[in-house]
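Peer 1: Supplied structure: input02.csv, CSV, C-alpha atoms.
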chain,number,residue,atom,x,y,z
T,1,MET,CA,-44.6,78.9,165.3
T,2,LEU,CA,-44.6,79.9,161.6
T,3,LYS,CA,-47.3,79.5,159.0
T,4,PRO,CA,-47.0,76.6,156.6
T,5,ILE,CA,-45.8,78.4,153.5
T,6,PRO,CA,-43.1,80.4,155.2
T,7,THR,CA,-42.0,77.2,157.0
T,8,TYR,CA,-41.7,75.4,153.7
T,9,PHE,CA,-39.7,78.2,152.2
T,10,LEU,CA,-37.4,78.3,155.2
T,11,ILE,CA,-36.8,74.6,154.9
T,12,GLN,CA,-36.0,75.0,151.2
T,13,ALA,CA,-33.7,77.9,151.9
T,14,VAL,CA,-31.6,76.4,154.7
T,15,PHE,CA,-31.4,72.9,153.1
T,16,GLY,CA,-30.6,74.4,149.7
T,17,LEU,CA,-27.7,76.4,151.2
T,18,LEU,CA,-26.2,73.5,153.2
T,19,PHE,CA,-26.8,70.7,150.8
T,20,THR,CA,-25.3,72.6,148.0
T,21,SER,CA,-22.2,73.6,150.0
T,22,MET,CA,-21.6,69.9,150.6
T,23,ALA,CA,-22.5,68.8,147.0
T,24,THR,CA,-20.1,71.4,145.6
T,25,VAL,CA,-17.1,69.7,147.1
T,26,SER,CA,-18.3,66.1,147.2
T,27,ALA,CA,-16.9,65.0,143.8
T,28,ILE,CA,-13.5,66.6,144.4
T,29,TYR,CA,-13.4,65.3,148.0
T,30,ARG,CA,-14.2,61.7,146.9
T,31,VAL,CA,-11.8,61.7,143.9
T,32,GLN,CA,-8.9,63.7,145.4
T,33,VAL,CA,-9.1,63.0,149.1
T,34,VAL,CA,-10.7,59.6,149.4
T,35,TYR,CA,-9.3,58.4,146.0
T,36,LEU,CA,-12.4,56.6,144.8
T,37,ASP,CA,-12.5,55.2,141.3
T,38,PRO,CA,-15.6,55.3,139.0
T,39,LEU,CA,-17.0,52.0,140.3
T,40,GLN,CA,-16.5,53.1,143.9
T,41,LEU,CA,-18.1,56.4,143.2
T,42,VAL,CA,-21.4,54.8,142.1
T,43,LEU,CA,-21.1,52.1,144.9
T,44,VAL,CA,-21.2,55.0,147.4
T,45,GLY,CA,-24.5,56.0,145.8
T,46,THR,CA,-25.7,52.4,145.8
T,47,ALA,CA,-25.1,52.2,149.6
T,48,LEU,CA,-27.2,55.4,149.9
T,49,GLU,CA,-30.0,54.0,147.7
T,50,GLY,CA,-29.9,50.6,149.3
T,51,ALA,CA,-30.6,52.1,152.7
T,52,TYR,CA,-33.2,54.3,151.1
T,53,PHE,CA,-34.9,51.3,149.5
T,54,LEU,CA,-35.1,49.3,152.7
T,55,ALA,CA,-36.3,52.1,154.9
T,56,GLU,CA,-38.6,53.9,152.5
T,57,ILE,CA,-42.0,52.2,153.1
T,58,PRO,CA,-41.8,52.0,156.9
T,59,THR,CA,-40.8,55.7,157.2
T,60,GLY,CA,-43.6,56.7,154.7
T,61,VAL,CA,-46.1,54.8,156.9
T,62,ILE,CA,-44.8,56.6,159.9
T,63,ALA,CA,-45.5,59.9,158.2
T,64,ASP,CA,-49.1,58.9,157.4
T,65,THR,CA,-49.7,57.2,160.8
T,66,TYR,CA,-47.9,59.4,163.4
T,67,SER,CA,-46.8,62.8,162.2
T,68,ARG,CA,-45.3,64.3,159.0
T,69,LYS,CA,-43.6,66.9,161.1
T,70,LEU,CA,-41.9,64.3,163.3
T,71,SER,CA,-40.8,62.4,160.2
T,72,LEU,CA,-39.2,65.6,158.7
T,73,ILE,CA,-37.4,66.4,162.0
T,74,ILE,CA,-35.9,62.9,162.3
T,75,GLY,CA,-34.9,62.9,158.6
T,76,PHE,CA,-33.0,66.2,158.8
T,77,ILE,CA,-31.1,65.1,162.0
T,78,LEU,CA,-30.1,61.8,160.4
T,79,ILE,CA,-29.0,63.5,157.1
T,80,GLY,CA,-26.9,66.0,159.1
T,81,ILE,CA,-25.2,63.1,161.0
T,82,GLY,CA,-24.4,61.4,157.7
T,83,PHE,CA,-22.8,64.4,156.2
T,84,ALA,CA,-20.7,65.0,159.3
T,85,VAL,CA,-19.5,61.3,159.4
T,86,GLU,CA,-18.3,61.5,155.8
T,87,GLY,CA,-16.4,64.7,156.3
T,88,LEU,CA,-14.7,63.5,159.5
T,89,PHE,CA,-13.5,60.1,158.3
T,90,PRO,CA,-12.2,60.1,154.7
T,91,THR,CA,-12.1,56.4,154.0
T,92,PHE,CA,-14.2,54.3,151.6
T,93,ALA,CA,-15.8,52.3,154.4
T,94,THR,CA,-16.8,55.3,156.4
T,95,VAL,CA,-18.1,57.1,153.3
T,96,LEU,CA,-20.3,54.0,152.7
T,97,LEU,CA,-21.5,54.2,156.4
T,98,ALA,CA,-22.3,57.9,156.0
T,99,GLN,CA,-24.4,57.1,152.9
T,100,VAL,CA,-26.5,54.5,154.9
T,101,ILE,CA,-27.2,57.1,157.6
T,102,TRP,CA,-28.0,59.7,155.1
T,103,GLY,CA,-30.2,57.3,153.1
T,104,VAL,CA,-32.3,56.4,156.1
T,105,GLY,CA,-32.7,60.0,156.9
T,106,ALA,CA,-33.8,60.8,153.4
T,107,THR,CA,-36.6,58.3,153.6
T,108,PHE,CA,-38.1,60.2,156.5
T,109,LEU,CA,-38.2,63.3,154.2
T,110,SER,CA,-39.4,61.5,151.1
T,111,GLY,CA,-43.2,61.8,150.7
T,112,ALA,CA,-43.6,63.4,154.1
T,113,GLU,CA,-42.5,66.9,152.9
T,114,GLU,CA,-44.8,66.9,149.9
T,115,ALA,CA,-47.6,65.4,151.8
T,116,TRP,CA,-47.2,67.9,154.7
T,117,ILE,CA,-47.3,71.0,152.5
T,118,ALA,CA,-50.1,69.7,150.3
T,119,GLY,CA,-52.2,68.9,153.4
T,120,GLU,CA,-51.5,72.3,154.9
T,121,ILE,CA,-52.2,74.5,151.9
T,122,GLY,CA,-54.4,72.4,149.6
T,123,GLU,CA,-53.7,71.3,146.1
T,124,GLU,CA,-54.8,74.4,144.1
T,125,ASN,CA,-51.6,76.4,144.8
T,126,LEU,CA,-49.4,73.4,145.3
T,127,THR,CA,-47.4,73.5,142.1
T,128,SER,CA,-46.8,77.3,142.3
T,129,VAL,CA,-45.7,77.0,146.0
T,130,MET,CA,-43.4,74.1,145.3
T,131,ILE,CA,-41.8,75.8,142.3
T,132,ARG,CA,-41.3,79.0,144.3
T,133,GLY,CA,-39.7,76.9,147.0
T,134,ASP,CA,-37.4,75.4,144.4
T,135,GLN,CA,-36.4,79.0,143.3
T,136,ILE,CA,-35.6,79.9,146.9
T,137,SER,CA,-33.5,76.8,147.2
T,138,ARG,CA,-31.6,77.8,144.0
T,139,VAL,CA,-31.0,81.3,145.3
T,140,MET,CA,-29.6,79.9,148.5
T,141,SER,CA,-27.6,77.3,146.6
T,142,ILE,CA,-25.6,80.2,145.1
T,143,LEU,CA,-24.6,81.2,148.6
T,144,GLY,CA,-23.9,77.5,149.3
T,145,VAL,CA,-21.5,77.4,146.5
T,146,LEU,CA,-19.6,80.5,147.7
T,147,LEU,CA,-19.6,79.1,151.2
T,148,ALA,CA,-18.1,75.8,149.9
T,149,MET,CA,-15.4,77.7,148.0
T,150,LEU,CA,-14.3,79.5,151.1
T,151,ILE,CA,-14.5,76.5,153.5
T,152,GLY,CA,-13.2,74.0,150.8
T,153,ALA,CA,-10.1,76.1,150.3
T,154,ILE,CA,-9.3,75.4,154.0
T,155,ALA,CA,-10.4,71.7,154.1
T,156,LEU,CA,-12.8,69.9,151.8
T,157,GLY,CA,-14.0,67.6,154.6
T,158,LEU,CA,-14.8,70.6,156.9
T,159,THR,CA,-17.6,71.6,154.4
T,160,PHE,CA,-19.3,68.3,155.1
T,161,VAL,CA,-19.0,68.7,158.8
T,162,LEU,CA,-20.4,72.2,158.9
T,163,ALA,CA,-23.2,71.4,156.5
T,164,GLY,CA,-24.2,68.4,158.6
T,165,ALA,CA,-24.2,70.5,161.8
T,166,GLY,CA,-26.4,73.1,160.2
T,167,ILE,CA,-28.9,70.6,159.0
T,168,ILE,CA,-29.1,69.0,162.5
T,169,LEU,CA,-29.8,72.4,164.0
T,170,MET,CA,-32.5,73.1,161.4
T,171,GLY,CA,-34.2,69.8,162.3
T,172,LEU,CA,-34.2,70.7,166.0
T,173,ALA,CA,-35.5,74.2,165.2
T,174,LEU,CA,-38.5,72.7,163.4
T,175,ILE,CA,-39.7,71.3,166.7
T,176,VAL,CA,-40.7,74.8,167.6
T,177,LEU,CA,-41.2,76.5,164.2
T,178,MET,CA,-43.1,74.0,162.1
T,179,PRO,CA,-47.0,73.8,162.2
T,180,GLU,CA,-49.0,70.7,161.5
T,181,THR,CA,-52.7,71.6,161.7
T,182,ASN,CA,-54.4,69.7,158.9
T,183,PHE,CA,-53.1,66.2,159.6
T,184,GLN,CA,-55.1,63.6,161.4
T,185,PRO,CA,-52.9,60.9,162.9
T,186,ALA,CA,-54.2,57.4,163.6
T,187,ALA,CA,-56.2,56.8,166.7
T,188,ALA,CA,-54.1,56.3,169.8
T,189,ASP,CA,-55.1,52.7,170.1
T,190,GLU,CA,-53.9,52.0,166.5
T,191,ARG,CA,-50.7,53.9,166.3
T,192,ASN,CA,-48.4,51.2,167.8
T,193,THR,CA,-49.8,48.2,165.9
T,194,TRP,CA,-48.2,46.6,162.9
T,195,LYS,CA,-51.7,46.0,161.7
T,196,LYS,CA,-52.3,49.7,161.2
T,197,MET,CA,-49.1,50.1,159.3
T,198,GLY,CA,-49.9,47.1,157.2
T,199,ILE,CA,-53.4,48.5,156.4
T,200,THR,CA,-51.8,51.8,155.3
T,201,VAL,CA,-49.4,50.1,153.0
T,202,ARG,CA,-52.2,47.9,151.6
T,203,ASP,CA,-54.3,50.9,150.9
T,204,GLY,CA,-51.5,52.7,149.2
T,205,ALA,CA,-50.6,49.7,147.1
T,206,ALA,CA,-54.3,49.2,146.1
T,207,PHE,CA,-54.5,52.9,145.1
T,208,VAL,CA,-51.5,52.5,142.8
T,209,ARG,CA,-52.7,49.2,141.3
T,210,ALA,CA,-56.2,50.8,140.5
T,211,SER,CA,-54.6,53.6,138.5
T,212,ASN,CA,-53.1,53.1,135.1
T,213,VAL,CA,-51.6,56.5,135.2
T,214,LEU,CA,-49.8,55.8,138.6
T,215,MET,CA,-48.5,52.5,137.2
T,216,LEU,CA,-46.9,54.5,134.3
T,217,ILE,CA,-45.6,57.1,136.8
T,218,PHE,CA,-43.8,54.3,138.7
T,219,ALA,CA,-42.3,53.1,135.4
T,220,ILE,CA,-41.1,56.6,134.6
T,221,GLU,CA,-39.6,56.9,138.1
T,222,LEU,CA,-37.8,53.6,137.6
T,223,CYS,CA,-36.1,55.0,134.5
T,224,PHE,CA,-35.2,58.2,136.5
T,225,GLY,CA,-33.7,55.9,139.1
T,226,LEU,CA,-31.7,53.8,136.7
T,227,SER,CA,-30.0,56.9,135.3
T,228,SER,CA,-29.8,59.0,138.4
T,229,GLU,CA,-26.8,57.5,140.1
T,230,GLY,CA,-24.6,57.8,137.1
T,231,ILE,CA,-25.6,61.4,136.6
T,232,ASP,CA,-25.0,62.3,140.2
T,233,ARG,CA,-21.7,60.5,140.7
T,234,LEU,CA,-20.0,60.7,137.3
T,235,SER,CA,-20.8,64.1,135.8
T,236,GLU,CA,-18.1,66.0,137.7
T,237,ALA,CA,-15.7,63.1,137.6
T,238,HIS,CA,-16.1,63.0,133.8
T,239,LEU,CA,-15.4,66.8,133.6
T,240,LEU,CA,-12.4,66.5,136.0
T,241,GLU,CA,-10.7,63.5,134.3
T,242,ASN,CA,-11.6,63.7,130.5
T,243,PHE,CA,-11.2,67.4,129.6
T,244,THR,CA,-8.3,69.8,129.3
T,245,TRP,CA,-9.1,72.6,131.7
T,246,PRO,CA,-8.3,76.2,130.7
T,247,THR,CA,-5.1,77.6,132.1
T,248,PHE,CA,-6.5,81.1,132.0
T,249,PRO,CA,-7.9,82.1,134.4
T,250,ALA,CA,-5.8,79.8,136.6
T,251,TRP,CA,-8.7,78.6,138.7
T,252,GLN,CA,-8.7,75.5,140.9
T,253,PRO,CA,-11.4,72.9,140.0
T,254,ILE,CA,-13.5,73.9,143.0
T,255,ILE,CA,-13.7,77.4,141.6
T,256,TRP,CA,-14.7,76.2,138.2
T,257,LEU,CA,-17.2,73.7,139.5
T,258,GLY,CA,-18.6,76.3,141.9
T,259,SER,CA,-18.9,78.9,139.2
T,260,ILE,CA,-20.8,76.3,137.0
T,261,ARG,CA,-23.2,75.6,139.9
T,262,ILE,CA,-23.8,79.3,140.4
T,263,ALA,CA,-24.6,79.7,136.7
T,264,ASN,CA,-26.9,76.7,136.7
T,265,SER,CA,-28.8,78.1,139.7
T,266,LEU,CA,-29.2,81.5,138.1
T,267,ILE,CA,-30.5,80.1,134.9
T,268,ASN,CA,-32.8,77.7,136.7
T,269,ILE,CA,-34.3,80.5,138.7
T,270,GLY,CA,-35.4,82.1,135.4
T,271,VAL,CA,-36.6,78.8,133.9
T,272,SER,CA,-38.6,77.8,137.0
T,273,GLU,CA,-40.2,81.3,137.2
T,274,TRP,CA,-41.4,80.9,133.6
T,275,LEU,CA,-42.7,77.4,134.5
T,276,ARG,CA,-44.4,78.8,137.6
T,277,ARG,CA,-46.2,81.6,135.7
T,278,HIS,CA,-47.1,79.8,132.5
T,279,VAL,CA,-47.3,76.1,133.2
T,280,ALA,CA,-48.0,75.6,137.0
T,281,ARG,CA,-51.7,75.9,136.5
T,282,SER,CA,-51.9,74.6,133.0
T,283,ALA,CA,-54.1,71.7,132.0
T,284,ALA,CA,-52.6,68.3,132.7
T,285,ASP,CA,-52.1,67.6,129.0
T,286,ARG,CA,-50.0,70.7,128.5
T,287,THR,CA,-47.9,69.9,131.6
T,288,ILE,CA,-47.2,66.4,130.3
T,289,ARG,CA,-46.3,67.6,126.8
T,290,ILE,CA,-43.7,70.0,128.3
T,291,MET,CA,-42.2,67.3,130.5
T,292,GLN,CA,-42.0,65.0,127.4
T,293,LEU,CA,-40.2,67.7,125.5
T,294,LEU,CA,-37.8,68.6,128.3
T,295,SER,CA,-36.9,64.9,128.9
T,296,THR,CA,-36.1,64.5,125.2
T,297,ILE,CA,-33.8,67.4,125.2
T,298,TRP,CA,-32.2,66.1,128.4
T,299,ILE,CA,-31.3,62.8,126.7
T,300,VAL,CA,-29.7,64.5,123.7
T,301,ALA,CA,-27.7,66.8,126.0
T,302,LEU,CA,-26.4,63.8,128.1
T,303,ILE,CA,-25.1,62.2,124.9
T,304,ALA,CA,-23.5,65.4,123.7
T,305,PHE,CA,-21.8,65.9,127.1
T,306,ALA,CA,-20.5,62.4,127.1
T,307,PHE,CA,-18.7,62.9,123.8
T,308,ALA,CA,-18.0,66.7,123.9
T,309,SER,CA,-14.7,67.5,122.2
T,310,SER,CA,-13.7,70.5,124.4
T,311,PHE,CA,-14.0,71.8,127.9
T,312,MET,CA,-16.3,74.6,127.1
T,313,LEU,CA,-18.5,72.4,124.9
T,314,GLY,CA,-18.6,69.9,127.8
T,315,VAL,CA,-19.6,72.6,130.3
T,316,MET,CA,-22.4,73.9,128.0
T,317,THR,CA,-23.9,70.5,127.2
T,318,TRP,CA,-23.7,69.5,130.9
T,319,MET,CA,-25.4,72.7,131.9
T,320,LEU,CA,-28.1,72.1,129.3
T,321,ALA,CA,-28.7,68.6,130.7
T,322,VAL,CA,-28.9,70.0,134.2
T,323,GLN,CA,-31.5,72.6,133.2
T,324,MET,CA,-33.6,70.0,131.4
T,325,ARG,CA,-33.5,67.7,134.4
T,326,TRP,CA,-34.5,70.4,136.9
T,327,GLY,CA,-37.2,71.6,134.5
T,328,VAL,CA,-38.8,68.1,134.4
T,329,MET,CA,-38.6,67.7,138.2
T,330,ASN,CA,-40.1,71.2,138.8
T,331,LEU,CA,-43.2,70.0,137.1
T,332,TYR,CA,-43.1,66.3,137.8
T,333,THR,CA,-43.1,66.1,141.6
T,334,PRO,CA,-46.1,68.4,142.2
T,335,TRP,CA,-48.0,66.7,139.3
T,336,VAL,CA,-47.4,63.3,140.8
T,337,THR,CA,-48.4,64.5,144.2
T,338,LYS,CA,-51.8,65.6,142.9
T,339,GLN,CA,-52.5,62.2,141.5
T,340,ILE,CA,-52.6,60.6,145.0
T,341,ASP,CA,-55.4,60.5,147.6
T,342,GLN,CA,-54.2,62.6,150.6
T,343,ARG,CA,-55.0,59.8,153.1
T,344,VAL,CA,-52.2,57.6,151.7
T,345,ARG,CA,-50.2,60.4,150.0
T,346,ALA,CA,-47.0,60.0,152.1
T,347,THR,CA,-47.1,56.2,151.8
T,348,VAL,CA,-47.6,56.2,148.0
T,349,LEU,CA,-44.9,58.8,147.5
T,350,SER,CA,-42.6,56.6,149.6
T,351,MET,CA,-43.4,53.7,147.3
T,352,TRP,CA,-42.6,56.0,144.4
T,353,GLY,CA,-39.3,57.0,146.0
T,354,GLN,CA,-38.6,53.3,146.6
T,355,MET,CA,-39.0,52.6,142.9
T,356,HIS,CA,-36.4,55.4,142.2
T,357,ALA,CA,-34.1,53.8,144.8
T,358,PHE,CA,-34.5,50.4,143.3
T,359,GLY,CA,-33.6,51.9,139.9
T,360,GLU,CA,-30.4,53.5,141.4
T,361,ILE,CA,-29.4,50.2,143.0
T,362,ILE,CA,-29.5,48.4,139.7
T,363,GLY,CA,-28.4,51.3,137.4
T,364,GLY,CA,-25.6,52.7,139.5
T,365,PRO,CA,-23.3,49.6,139.6
T,366,LEU,CA,-24.1,48.9,135.9
T,367,ILE,CA,-23.1,52.3,134.7
T,368,GLY,CA,-20.1,52.3,137.1
T,369,ALA,CA,-18.9,48.9,135.7
T,370,ILE,CA,-19.3,50.1,132.1
T,371,ALA,CA,-17.3,53.3,132.9
T,372,THR,CA,-14.6,51.3,134.7
T,373,ILE,CA,-14.2,48.6,132.0
T,374,THR,CA,-14.4,51.0,129.1
T,375,THR,CA,-14.2,54.7,129.5
T,376,LEU,CA,-16.0,57.4,131.6
T,377,ALA,CA,-17.4,58.8,128.4
T,378,THR,CA,-18.9,55.5,127.3
T,379,GLY,CA,-20.3,54.9,130.8
T,380,TYR,CA,-21.9,58.3,130.8
T,381,ALA,CA,-23.4,57.8,127.4
T,382,SER,CA,-25.1,54.6,128.7
T,383,ILE,CA,-27.1,56.8,131.1
T,384,ALA,CA,-29.0,58.3,128.1
T,385,LEU,CA,-30.0,54.9,127.0
T,386,LEU,CA,-31.7,54.2,130.3
T,387,LEU,CA,-33.7,57.4,130.0
T,388,LEU,CA,-34.9,56.7,126.4
T,389,PRO,CA,-38.3,55.2,127.6
T,390,VAL,CA,-39.2,58.4,129.5
T,391,PRO,CA,-40.6,60.5,126.6
T,392,ILE,CA,-42.5,57.5,125.3
T,393,LEU,CA,-44.0,56.8,128.7
T,394,PHE,CA,-45.1,60.5,129.0
T,395,GLY,CA,-46.8,60.1,125.7
T,396,ILE,CA,-48.7,57.1,126.9
T,397,VAL,CA,-49.7,59.0,130.1
T,398,ARG,CA,-51.1,61.8,127.9
T,399,ARG,CA,-53.3,59.4,126.0
T,400,LYS,CA,-54.4,57.6,129.1
T,401,GLN,CA,-55.4,60.9,130.8
T,402,ALA,CA,-57.4,61.9,127.7
T,403,LEU,CA,-59.6,58.9,128.2
T,404,PRO,CA,-62.3,58.6,130.9
T,405,GLN,CA,-60.6,57.2,134.0
T,406,PRO,CA,-62.2,54.5,136.2
T,407,SER,CA,-62.5,55.4,139.9
T,408,THR,CA,-59.6,54.5,142.2
T,409,PRO,CA,-61.4,53.6,145.4
T,410,LEU,CA,-59.4,53.6,148.6
T,411,LEU,CA,-59.8,50.5,150.7
T,412,THR,CA,-61.2,50.9,154.1
T,413,SER,CA,-59.0,50.9,157.1
T,414,GLU,CA,-61.3,48.7,159.1
Do you think you could lay out the structure here as C-alpha cells?
Peer 2:
Amino acid sequence: MLKPIPTYFLIQAVFGLLFTSMATVSAIYRVQVVYLDPLQLVLVGTALEGAYFLAEIPTGVIADTYSRKLSLIIGFILIGIGFAVEGLFPTFATVLLAQVIWGVGATFLSGAEEAWIAGEIGEENLTSVMIRGDQISRVMSILGVLLAMLIGAIALGLTFVLAGAGIILMGLALIVLMPETNFQPAAADERNTWKKMGITVRDGAAFVRASNVLMLIFAIELCFGLSSEGIDRLSEAHLLENFTWPTFPAWQPIIWLGSIRIANSLINIGVSEWLRRHVARSAADRTIRIMQLLSTIWIVALIAFAFASSFMLGVMTWMLAVQMRWGVMNLYTPWVTKQIDQRVRATVLSMWGQMHAFGEIIGGPLIGAIATITTLATGYASIALLLLPVPILFGIVRRKQALPQPSTPLLTSE
C-alpha cells in the first residue's frame, strides 16, 4: 500500500494520461465518425451532466458515510466502462448511453477525491499538493496526446476502448494501493439507513446556508457550469469547421489538435508551478484577486477566439482561454475545499458539483441551439456572456471575507 501523496500523484498521472488520450480524439470522432451536429454535440454533454446531477448527492453521501476509497474505485471503473462503450458503438444513442455511465462514475469521484486527500494530509499543504498533482497530470497528458495520435491513426474509436480499459485497471489496482487512514465511517448500525444519509445531506446543506461565502461560491459554480458544456463540446468543432487550416505542414486535424494540446500542457506546467510557489500559500484575499483577474482575461479570450479572423489567431486565443481557465481552477478547487468542514466535505463538494451539472444541463442546450440556429462563432461568443458574473462575484467574495464572519455551526447527527 502506498502513502497518500504518492497515491494521489499516481491517480493524477494515470488518469491524466488516459483521459487526455480519449479527449484528444473525442471531437474528431464525434464529428467525423458519429457525424454529430452542434446541438447533438452539446446534448451528449447534457446526458453526461444529467446523470451527474441526479447521482451527485447520493454518491457524495456514500463517500462521507462509507468510504472515500470505495467511492473512487467505483467511480473509475464506471468511467472506464463509459469510455469503452462509446468507442465500441459509434452511434448517437450509444454515445448518449456512454455519457450516462461516465456521468454516474464521475459523481463517485466528485468531492470524494478532494475530501480523501485533504483528510489524509491536512489542509496546510493541500493547495500545493493539488497543484503539483495537476502538473503531473499535465505532463502525462502530453504522453496521452502522443498515444492518441498513434492509436487514432489506426482507429479513433480504439483510443476510447483502450483508455477505458486502462482506467478500469487503475480502479482495481487502488483496492490494494490506496490508503485510507484518517477517515471515520459511520457506525455499523447507521451505515445502511436512509436516516443517516438524510442527516449527512441536511448537515451539508445547513453548512452551506450558514455561510455567505459558500452561497457565493455556489453562484460562481453555476456560471462555470452554464458555460462549461459549450467550451468543452464546441471549441474544437469551431476550430475544425470555421477556419482555413494551413496546408503546410500537411498535418491531419488529429496532429494539429494533438500538438495544440501538448503546447497547452507545457505552458500550463509553467503557469501552475508559478501559482504553486507564489500563490498556493497566499492570503485568501490575494488568491481571490488572482482568480478574479484570470477569469476576466478568460472571458476576453473566449470572445476573441469566437471571432478570430485566421487559423493562427484562433489557435492563440483558444490557448489563452484554456490557460486562464486552468489557472482559475488550479486555485479555485483547493480554495473551495478549505471552506468546508471536513465532516461533510465530500457531501458539500458533491452539492457544489451538482450546481455545476445543473448549469451544464441548462447552458449546454442553450448554447447548442444558438450555434445551430445562427453560427458556431455566435454560439461560442454566447459562452462568454454566461461567464460575465464570475469576476463580479469574486469581488463580492473578497469583500465578504474581509468582514468578520459569523460561525457556521454543523448540525448534530443525533
Peer 1: Determine the nearest neighbour of Leu293 of chain T from the options T:Leu266, T:Leu257, T:Ile121, T:Val390, counting only C-alpha atoms.
Peer 2: T:Val390
Peer 1: I'd like to know which of T:Ile5, T:Ile220, T:Val33, T:Ile288 is closest to Leu331 of chain T, using all atoms listed in the file.
Peer 2: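 Distance minimum relative to Leu331 of chain T lands on T:Ile288.
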Peer 1: Do you have the atom CA of Ser350 of chain T-atom CA of Gly368 of chain T distance handy?
Peer 2: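 For atom CA of Ser350 of chain T relative to atom CA of Gly368 of chain T, the distance reads 26.1 Å.
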Peer 1: Rank T:Pro38, T:Gly157, T:Gly80, T:Gly103 by their smallest atom-to-atom distance to His238 of chain T, using only C-alpha atoms, and report the top residue only.
Peer 2: T:Pro38
Peer 1: Tell me which of T:Ser259, T:Ser67, T:Thr91, T:Gln135 sits closest to Val44 of chain T, counting all atoms listed in the file.
Peer 2: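 For Val44 of chain T, the nearest of the given residues is T:Thr91.
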Peer 1: Work out how far atom CA of Tyr35 of chain T is from atom CA of Arg325 of chain T, in Å to one decimal.
Peer 2: 28.4 Å
Peer 1: Nearest to Val25 of chain T: which of T:Ala304, T:Ala118, T:Val145, T:Leu239 is it, counting only C-alpha atoms?
Peer 2: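 Using only C-alpha atoms, the shortest distance to Val25 of chain T belongs to T:Val145.
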Peer 1: Please, what distance in Å, to one decimal, runs between atom CA of Val322 of chain T and atom CA of Glu49 of chain T?
Peer 2: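 It comes out at 21.0 Å.
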Peer 1: As number ranges by chain, please: the residues near Ala84 of chain T (cut-off 6 Å, all atoms listed in the file, same-chain neighbours under 4 positions excluded).
Peer 2: T: 160-161, 164
Peer 1: Just checking: using all atoms listed in the file, which residue out of T:Leu41, T:Leu18, T:Ala381, T:Leu78 ends up closest to Ser137 of chain T?
Peer 2: T:Leu18
Peer 1: Put segment 136-179 of chain T into a file with C-alpha atoms, as a compact mmCIF listing (two decimals), in the first residue's frame.
Peer 2:
# COMPACT_ATOMS: atom_id res chain seq x y z
CA ILE T 136 1.87 15.67 -13.02
CA SER T 137 -1.43 15.22 -14.84
CA ARG T 138 -0.36 17.79 -17.45
CA VAL T 139 2.98 16.06 -18.02
CA MET T 140 1.24 12.74 -18.50
CA SER T 141 -1.35 14.37 -20.73
CA ILE T 142 1.45 15.12 -23.19
CA LEU T 143 2.11 11.39 -23.41
CA GLY T 144 -1.64 10.89 -23.68
CA VAL T 145 -1.78 13.14 -26.74
CA LEU T 146 1.07 11.26 -28.40
CA LEU T 147 -0.63 7.97 -27.57
CA ALA T 148 -3.87 9.25 -29.09
CA MET T 149 -2.07 10.28 -32.27
CA LEU T 150 -0.62 6.79 -32.68
CA ILE T 151 -3.77 4.86 -31.85
CA GLY T 152 -6.13 7.36 -33.52
CA ALA T 153 -4.25 6.94 -36.79
CA ILE T 154 -5.37 3.28 -36.68
CA ALA T 155 -8.92 3.80 -35.41
CA LEU T 156 -10.34 6.72 -33.45
CA GLY T 157 -12.72 4.50 -31.51
CA LEU T 158 -9.88 2.24 -30.39
CA THR T 159 -8.50 5.13 -28.33
CA PHE T 160 -11.72 5.21 -26.30
CA VAL T 161 -11.63 1.47 -25.71
CA LEU T 162 -8.00 1.31 -24.57
CA ALA T 163 -8.36 4.37 -22.35
CA GLY T 164 -11.45 2.85 -20.75
CA ALA T 165 -9.72 -0.47 -20.13
CA GLY T 166 -6.76 1.31 -18.53
CA ILE T 167 -8.98 3.33 -16.18
CA ILE T 168 -10.82 0.18 -15.11
CA LEU T 169 -7.49 -1.48 -14.31
CA MET T 170 -6.41 1.55 -12.29
CA GLY T 171 -9.62 1.41 -10.27
CA LEU T 172 -8.99 -2.23 -9.47
CA ALA T 173 -5.36 -1.52 -8.55
CA LEU T 174 -6.46 1.08 -5.98
CA ILE T 175 -8.07 -1.72 -3.95
CA VAL T 176 -4.53 -2.73 -2.98
CA LEU T 177 -2.57 0.51 -3.37
CA MET T 178 -4.76 3.23 -1.86
CA PRO T 179 -4.60 4.04 1.88
